[in-house]
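Chemist: Right, I'll just put the structure down here and ask away after.
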There are 4 protein chains.
Amino acid sequence: MKEKECKTPYDIFRQRINIIIHGVNTPAGRLFDIILLFIILLSVVLVMLESVETLDIVYHRFFIISEWVITIFFSIEYILRIISTRKPLKYIFSFYGIIDLISILPMYLSFFIPSSKILTVVRALRLLRLFRILNLVQFSGQASQLKLAINASKTKIIVFIYFVFIISILLGAVMYVVESPESGFTSIPTSIYWCIVTLTTVGYGDIAPITPLGKVIASFIMILGYGIIAVPTGIVTAELASGSKSRKLLPGACPKCGTSDHRNTAEFCYKCGTTLEN
Amino acid sequence: MKEKECKTPYDIFRQRINIIIHGVNTPAGRLFDIILLFIILLSVVLVMLESVETLDIVYHRFFIISEWVITIFFSIEYILRIISTRKPLKYIFSFYGIIDLISILPMYLSFFIPSSKILTVVRALRLLRLFRILNLVQFSGQASQLKLAINASKTKIIVFIYFVFIISILLGAVMYVVESPESGFTSIPTSIYWCIVTLTTVGYGDIAPITPLGKVIASFIMILGYGIIAVPTGIVTAELASGSKSRKLLPGACPKCGTSDHRNTAEFCYKCGTTLEN
Amino acid sequence: MKEKECKTPYDIFRQRINIIIHGVNTPAGRLFDIILLFIILLSVVLVMLESVETLDIVYHRFFIISEWVITIFFSIEYILRIISTRKPLKYIFSFYGIIDLISILPMYLSFFIPSSKILTVVRALRLLRLFRILNLVQFSGQASQLKLAINASKTKIIVFIYFVFIISILLGAVMYVVESPESGFTSIPTSIYWCIVTLTTVGYGDIAPITPLGKVIASFIMILGYGIIAVPTGIVTAELASGSKSRKLLPGACPKCGTSDHRNTAEFCYKCGTTLEN
Amino acid sequence: MKEKECKTPYDIFRQRINIIIHGVNTPAGRLFDIILLFIILLSVVLVMLESVETLDIVYHRFFIISEWVITIFFSIEYILRIISTRKPLKYIFSFYGIIDLISILPMYLSFFIPSSKILTVVRALRLLRLFRILNLVQFSGQASQLKLAINASKTKIIVFIYFVFIISILLGAVMYVVESPESGFTSIPTSIYWCIVTLTTVGYGDIAPITPLGKVIASFIMILGYGIIAVPTGIVTAELASGSKSRKLLPGACPKCGTSDHRNTAEFCYKCGTTLEN
């Protein structure tokens, strides 16, 4: 009670910003989220279009101005986020904090570094803000169920990928020996690259065997790749099938970690802090 | 009883047409369906062949005449459908009503617009009548079971496709930075396009990495694409597997919505109006 | 008893051949099967090598002689099969009977028709004897379980393929409209072909979109194809998973049809006539 | 007790080496494993880089020296392994014993054979040591569960691959007949190769049909390949799904063979000798 009275105007300001930025259930918070989502998408589209040379020549001025507008918006957002949280350092060094910083830096760096290819590249770092959307759009339930199944089958998939790599190295070396450099198999790393291209059924065709023996081995690799795709699929499916039976979320359960014994008045999960929908 | 006596000749005519067009169990209705199916397929084949230049030069006259014959047939069918239904407006603005209209319009428009590329394009709209076949050929049971499973796993698949998009944007931007424009990575959108081509294991080969680092990243994208194909497969499979246990249709059940407590004499499902097979 | 005494030498000869050709459990029958298998494979390899021009020039004489030897062997086998069965006409007009005839005819036809491309093509019909191997090598148990699962999911897969076709026709027409003929989309059938190549993730690259809009639609088709591959996989898996529970073959069951209540002394399945392994 | 006293210094030396090489739980044994793992990976990378011509010209001397260092290390390891095991002959003729020998031989052979392409090829045999890593890194549990599922579905997958081969031979021959040699279908083996490339959805594009009928057949092959990929996937998934129910490893169970009734003090599985993790 007493603490509330002692609140300075700055505290009230901070609290209000906190509601806008972090709040999901207030109208102001929702509006902020939608605007942020829109601007991130806009900035992503801008970075993409800027890289198209024919467009950049015509609209260069427009791109520069809109980049500045977006950067200033993101800078203000970044500062407000630091102000509004109780532990600014924790935010600054968090995953999203670093992304937020990286996505505004390039434009300020352009003062010191003359416009060059390096800067264009650095600008593309702004695409990292796409991760923010993952956080904004709440894929509750479905996404977390998927995540659980993928997490559960992670070890098996890594084991599988490891085998794919060893097979690729061995068969790549065999193809290097069998095929002549004229058909594109100029070195063992290139042959391994070709082997991965073939095993995963991508098949660019920039490198393709021409000797009869090379074609026989290639056919073998293709059928192998066609057959072993069943393995990761089987792993995830078995996990999802067993998950859909046991892990069906109870009503009122946390969409992230599945904990369900919350108090009726709870607004956040007591285990992971996710906003409860119910 | 009394109503029947008051029927005007027009009413009787309307009713008869109704039986022919909408009836499935009468011989006349069945014959009409088969003829319609045949003409739609014929018109689809015609649109396809007309686009082959070498054929169009030789058989141009034949194509024009047969198009007019088909258009007139479809026009008569369209008018009869309007006449025969009790609520003509509902049909006109329904999905199939609009398709039926669009598929006959292009030929009438050719009076006003001189033959040009635009018209050829518009003619292709006639292909939309293929959807009619979906309605004609009754894929009862099997198709609806598939639909249920796909509907149930829709949300998860959308979440999955969203992740695929974000991964493609980020890795596409990385490849744009790594590879030089000489190898085809001329802009970020092009690189994203290449990334989708690679991730989905299509692999055209029109754009392919040439730098060693680009090949390493490409290999990573391929193995990723090869591995995550397991996710949509797992989702649909788990859904179908759980569905095949619980959703087995009872004998006499509606093939569309699965309702099974029909009266013995029922000919249509009381919930969705589908013709009952039993 | 009496009948046995009346047996003419011809009957005894016929019976002996019957044991050799159709018997699986006698040493003579097994030897015959192995020799037949070997000669079929040899003839398949010969047809394949004959088509390689560089080999045909050098070994033409050898190929012709070995073809005649094989044809004579197959002819004798064909005559013996007709003699040994009780109902020769049934064999002659059966699936394998027709294949056996077709595989020996081409060589005899070469007397009347001078050596030409048509004859080489007709010779390839000998490859149809590969089906014989399916009959020789007994894939009992595993193969029949597979067959059951595929048969059970056949209707669903046909429905699925039908949808793939309609999607390909519609999206192919769209791409024809969007892309210019310069990039390979010269007609609607060609565009449909490209669409199937893309949707099935084959991706030859002989035809590839070059306009931005075309690339966007292509990306959509790829992700669609990448996603809907889950459907046939899900169907077969769900069927196999439910099959592996209920259809586990009992010990002593017929490997082909699964009937299990055979007498202890039974050597053939009383339902389908397959040789019992136990 | 008595035996221990009789130990000669050589025995103690042998025992110590045994602990270092085969021990997993001692610090010395672990360090040895990590060093070995590192050197194998290093030698693999060296073999790969050596094959890149531009690198080999610049760093030829460095490659030769490091190869000698690695070969000497592997030679010492090989000798120590022979000394430390009780049955040297069993090790020498075991799978890993032969690989260990093959991977050191090439360098010693280079004394007698002048540096040539053959030797470079033989050097690549050193890649076989990658199999050692499989043995070093203990993929317990997950990998063995995968192995069990793959072993269980092996027969079915072989049957499936056999069908894929027959289909490829028949359809390859059909395409050879339909397409002209100008489009790349120069012989039946080449057409079969193309058919496998298409059926497995790899699609290089080095050979592609150009005639309308060829494209129709190719479309059919693609959709077939797109559909039947479901079969191996279904097999493995069904096996994994049924496995995940019954074969869940009990706590304290052997990660390799699943035996679980070990004594509390057991350090090795009494059935297969694997080190128990618990």
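Ordered as shown in the structure tokens, chains take letters A, B, and onward, while each chain numbers its residues from 1 and ligands are numbered from 1 in the order shown.
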Could the residues of chain D within 8 Å of chain C, counting only C-alpha atoms, be given as a PyMOL selection string, please?
Modeler: chain D and resi 155-156+159+166+169-170+173+177+186-189+198+200-206+208+215-216+219+222-223+226-227+229-231+233-235+237-239+241-242
Chemist: Restrict the selected residues to N, CA and C atoms and save them as an mmCIF file, in the first residue's frame.
Modeler:
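Saved as result_26.cif:
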data_model
loop_
_atom_site.group_PDB
_atom_site.id
_atom_site.type_symbol
_atom_site.label_atom_id
_atom_site.label_comp_id
_atom_site.auth_asym_id
_atom_site.auth_seq_id
_atom_site.Cartn_x
_atom_site.Cartn_y
_atom_site.Cartn_z
ATOM 1 N N THR D 155 13.674 -57.052 -44.287
ATOM 2 C CA THR D 155 13.133 -57.939 -45.334
ATOM 3 C C THR D 155 12.137 -57.201 -46.206
ATOM 4 N N LYS D 156 11.220 -56.487 -45.554
ATOM 5 C CA LYS D 156 10.198 -55.760 -46.308
ATOM 6 C C LYS D 156 10.832 -54.731 -47.219
ATOM 7 N N VAL D 159 12.359 -56.385 -50.289
ATOM 8 C CA VAL D 159 11.282 -56.718 -51.221
ATOM 9 C C VAL D 159 10.863 -55.468 -51.991
ATOM 10 N N ILE D 166 12.671 -53.731 -60.684
ATOM 11 C CA ILE D 166 11.931 -54.305 -61.812
ATOM 12 C C ILE D 166 11.144 -53.221 -62.542
ATOM 13 N N ILE D 169 13.525 -51.191 -64.627
ATOM 14 C CA ILE D 169 13.985 -51.875 -65.842
ATOM 15 C C ILE D 169 12.891 -51.817 -66.917
ATOM 16 N N LEU D 170 11.653 -52.155 -66.524
ATOM 17 C CA LEU D 170 10.567 -52.182 -67.502
ATOM 18 C C LEU D 170 10.275 -50.786 -68.053
ATOM 19 N N ALA D 173 13.051 -49.476 -70.259
ATOM 20 C CA ALA D 173 12.996 -50.033 -71.620
ATOM 21 C C ALA D 173 11.906 -49.339 -72.431
ATOM 22 N N VAL D 177 12.358 -47.031 -75.962
ATOM 23 C CA VAL D 177 11.595 -47.236 -77.189
ATOM 24 C C VAL D 177 10.909 -45.941 -77.615
ATOM 25 N N THR D 186 20.133 -43.089 -74.882
ATOM 26 C CA THR D 186 20.951 -43.736 -75.911
ATOM 27 C C THR D 186 20.925 -45.260 -75.849
ATOM 28 N N SER D 187 20.657 -45.822 -74.667
ATOM 29 C CA SER D 187 20.615 -47.277 -74.538
ATOM 30 C C SER D 187 19.681 -47.652 -73.396
ATOM 31 N N ILE D 188 19.327 -48.932 -73.295
ATOM 32 C CA ILE D 188 18.423 -49.350 -72.215
ATOM 33 C C ILE D 188 19.054 -49.118 -70.839
ATOM 34 N N PRO D 189 20.343 -49.465 -70.608
ATOM 35 C CA PRO D 189 20.913 -49.171 -69.272
ATOM 36 C C PRO D 189 20.826 -47.684 -68.928
ATOM 37 N N THR D 198 14.509 -40.551 -61.834
ATOM 38 C CA THR D 198 13.179 -39.935 -61.792
ATOM 39 C C THR D 198 12.321 -40.535 -60.678
ATOM 40 N N THR D 200 13.156 -41.949 -57.917
ATOM 41 C CA THR D 200 13.572 -41.568 -56.565
ATOM 42 C C THR D 200 13.457 -40.058 -56.359
ATOM 43 N N THR D 201 12.858 -39.348 -57.306
ATOM 44 C CA THR D 201 12.632 -37.893 -57.253
ATOM 45 C C THR D 201 13.938 -37.099 -57.148
ATOM 46 N N VAL D 202 15.076 -37.679 -57.600
ATOM 47 C CA VAL D 202 16.330 -36.928 -57.609
ATOM 48 C C VAL D 202 16.286 -35.908 -58.752
ATOM 49 N N GLY D 203 16.097 -36.396 -59.981
ATOM 50 C CA GLY D 203 15.904 -35.497 -61.122
ATOM 51 C C GLY D 203 17.074 -34.611 -61.449
ATOM 52 N N TYR D 204 18.177 -35.182 -61.985
ATOM 53 C CA TYR D 204 19.325 -34.355 -62.353
ATOM 54 C C TYR D 204 18.974 -33.394 -63.479
ATOM 55 N N GLY D 205 18.322 -33.925 -64.515
ATOM 56 C CA GLY D 205 18.029 -33.088 -65.668
ATOM 57 C C GLY D 205 19.054 -33.236 -66.767
ATOM 58 N N ASP D 206 20.094 -34.085 -66.564
ATOM 59 C CA ASP D 206 21.060 -34.313 -67.659
ATOM 60 C C ASP D 206 20.381 -35.082 -68.793
ATOM 61 N N ALA D 208 16.416 -35.794 -70.091
ATOM 62 C CA ALA D 208 15.014 -35.450 -69.853
ATOM 63 C C ALA D 208 14.226 -35.715 -71.125
ATOM 64 N N LYS D 215 6.990 -37.462 -72.167
ATOM 65 C CA LYS D 215 6.674 -36.615 -71.012
ATOM 66 C C LYS D 215 5.503 -37.181 -70.221
ATOM 67 N N VAL D 216 4.539 -37.759 -70.947
ATOM 68 C CA VAL D 216 3.388 -38.360 -70.256
ATOM 69 C C VAL D 216 3.852 -39.538 -69.405
ATOM 70 N N SER D 219 5.762 -38.285 -66.433
ATOM 71 C CA SER D 219 4.846 -37.788 -65.399
ATOM 72 C C SER D 219 4.306 -38.949 -64.583
ATOM 73 N N MET D 222 6.983 -40.193 -62.244
ATOM 74 C CA MET D 222 7.158 -39.267 -61.122
ATOM 75 C C MET D 222 6.085 -39.455 -60.058
ATOM 76 N N ILE D 223 4.835 -39.496 -60.509
ATOM 77 C CA ILE D 223 3.731 -39.644 -59.548
ATOM 78 C C ILE D 223 3.832 -41.001 -58.862
ATOM 79 N N TYR D 226 6.550 -40.655 -56.350
ATOM 80 C CA TYR D 226 6.050 -39.781 -55.281
ATOM 81 C C TYR D 226 5.117 -40.566 -54.354
ATOM 82 N N GLY D 227 4.378 -41.509 -54.969
ATOM 83 C CA GLY D 227 3.416 -42.287 -54.185
ATOM 84 C C GLY D 227 4.064 -43.436 -53.433
ATOM 85 N N ILE D 229 7.044 -43.834 -52.321
ATOM 86 C CA ILE D 229 7.977 -43.512 -51.233
ATOM 87 C C ILE D 229 7.279 -43.773 -49.903
ATOM 88 N N ALA D 230 5.963 -43.760 -49.960
ATOM 89 C CA ALA D 230 5.181 -44.020 -48.753
ATOM 90 C C ALA D 230 5.447 -45.410 -48.205
ATOM 91 N N VAL D 231 5.819 -46.351 -49.078
ATOM 92 C CA VAL D 231 5.932 -47.742 -48.641
ATOM 93 C C VAL D 231 7.087 -47.960 -47.665
ATOM 94 N N THR D 233 8.665 -45.762 -45.940
ATOM 95 C CA THR D 233 8.373 -44.927 -44.781
ATOM 96 C C THR D 233 7.368 -45.612 -43.876
ATOM 97 N N GLY D 234 6.321 -46.123 -44.486
ATOM 98 C CA GLY D 234 5.291 -46.809 -43.701
ATOM 99 C C GLY D 234 5.851 -47.992 -42.953
ATOM 100 N N ILE D 235 6.732 -48.746 -43.621
ATOM 101 C CA ILE D 235 7.304 -49.941 -43.000
ATOM 102 C C ILE D 235 8.088 -49.574 -41.748
ATOM 103 N N THR D 237 8.106 -46.754 -40.047
ATOM 104 C CA THR D 237 7.298 -46.081 -39.029
ATOM 105 C C THR D 237 6.487 -47.085 -38.220
ATOM 106 N N ALA D 238 5.826 -48.008 -38.924
ATOM 107 C CA ALA D 238 5.008 -49.000 -38.231
ATOM 108 C C ALA D 238 5.866 -49.801 -37.267
ATOM 109 N N GLU D 239 7.110 -50.093 -37.712
ATOM 110 C CA GLU D 239 8.018 -50.883 -36.877
ATOM 111 C C GLU D 239 8.454 -50.070 -35.658
ATOM 112 N N ALA D 241 6.904 -47.495 -34.348
ATOM 113 C CA ALA D 241 5.749 -47.212 -33.490
ATOM 114 C C ALA D 241 5.452 -48.408 -32.595
ATOM 115 N N SER D 242 5.490 -49.620 -33.173
ATOM 116 C CA SER D 242 5.217 -50.807 -32.364
ATOM 117 C C SER D 242 6.388 -51.054 -31.423
#
Chemist: Running DSSP on the backbone, which parts of stretch 15-223 of chain B land in alpha helix (DSSP H), as a PyMOL selection string?
Modeler: chain B and resi 15-22+27-50+53-84+88-92+95-109+117-123+130-136+142-152+154-178+188-199+212-223
Chemist: Give me the residues near B:Ile79 as a list in words, where near means some atom within 12 Å (using only C-alpha atoms) and where sequence neighbours in that chain fewer than 5 positions away do not count.
Modeler: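 Skipping anything fewer than 5 positions along the chain leaves Arg14, Ile17, Ile21, Ile72, Phe73, Phe74, Ser84, Thr85, Pro88, Tyr91, Ile92, Gly97, Asp100, Leu101 and Ile104 of chain B.
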Chemist: I need the residues from that last selection saved to file as a PDB file, in the first residue's frame (with C-alpha atoms), if you can.
Modeler:
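The resulting file, selection_4.pdb, is reproduced below:
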ATOM      1  CA  ARG B  14     -38.970 -27.537 -63.518  1.00  0.00           C
ATOM      2  CA  ILE B  17     -35.219 -30.868 -64.908  1.00  0.00           C
ATOM      3  CA  ILE B  21     -29.720 -32.359 -63.026  1.00  0.00           C
ATOM      4  CA  ILE B  72     -23.655 -23.371 -75.848  1.00  0.00           C
ATOM      5  CA  PHE B  73     -24.098 -26.658 -74.004  1.00  0.00           C
ATOM      6  CA  PHE B  74     -22.766 -25.147 -70.779  1.00  0.00           C
ATOM      7  CA  SER B  84     -34.751 -25.727 -61.685  1.00  0.00           C
ATOM      8  CA  THR B  85     -33.600 -24.584 -58.248  1.00  0.00           C
ATOM      9  CA  PRO B  88     -31.900 -19.139 -58.089  1.00  0.00           C
ATOM     10  CA  TYR B  91     -27.131 -20.926 -56.778  1.00  0.00           C
ATOM     11  CA  ILE B  92     -25.880 -17.942 -58.810  1.00  0.00           C
ATOM     12  CA  GLY B  97     -22.603 -21.081 -59.665  1.00  0.00           C
ATOM     13  CA  ASP B 100     -20.314 -22.196 -64.110  1.00  0.00           C
ATOM     14  CA  LEU B 101     -20.758 -18.554 -65.143  1.00  0.00           C
ATOM     15  CA  ILE B 104     -19.060 -19.719 -70.293  1.00  0.00           C
TER      16      ILE B 104
END
Chemist: Record the distance separating atom CA of D:Leu213 and atom CA of D:Phe185, expressed in Å with one decimal.
Modeler: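 Atom CA of D:Phe185 lies 13.9 Å from atom CA of D:Leu213.
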Chemist: Can you list, as a list in words, every protein, DNA or RNA residue that comes within 9 Å of B:Ile19 when you count only C-alpha atoms, leaving out same-chain residues fewer than 6 positions away?
Modeler: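 Once the adjacent positions are removed, what remains is Thr26, Ala28, Gly29 and Ser84 of chain B.
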Chemist: Atom CA of D:Arg129 and atom CA of A:Met175, how far apart in Å?
Modeler: 18.1 Å
Chemist: Please identify all polymer residues within 10 Å of B:Thr211, counting only C-alpha atoms, omitting same-chain residues fewer than 5 positions from it, and present them as a PyMOL selection string.
Modeler: chain B and resi 178-180+183+216
Chemist: Keeping only N, CA and C atoms, write those residues as a compact mmCIF listing (two decimals), in the first residue's frame.
Modeler:
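The resulting file, out.txt, is shown below:
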# COMPACT_ATOMS: atom_id res chain seq x y z
N VAL B 178 27.04 -15.01 -48.98
CA VAL B 178 28.16 -15.92 -49.20
C VAL B 178 28.50 -16.05 -50.69
N GLU B 179 27.46 -16.25 -51.52
CA GLU B 179 27.71 -16.52 -52.94
C GLU B 179 27.77 -15.22 -53.73
N SER B 180 28.51 -15.25 -54.84
CA SER B 180 28.60 -14.07 -55.71
C SER B 180 27.44 -14.11 -56.71
N SER B 183 27.04 -16.80 -59.71
CA SER B 183 26.48 -18.15 -59.63
C SER B 183 24.95 -18.14 -59.58
N VAL B 216 28.94 -25.89 -48.59
CA VAL B 216 28.77 -26.42 -47.23
C VAL B 216 27.40 -26.03 -46.69
Chemist: Any idea what the distance is between atom CA of C:Phe13 and atom CA of C:Arg81?
Modeler: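 According to the coordinates, atom CA of C:Phe13 and atom CA of C:Arg81 are separated by 12.3 Å.
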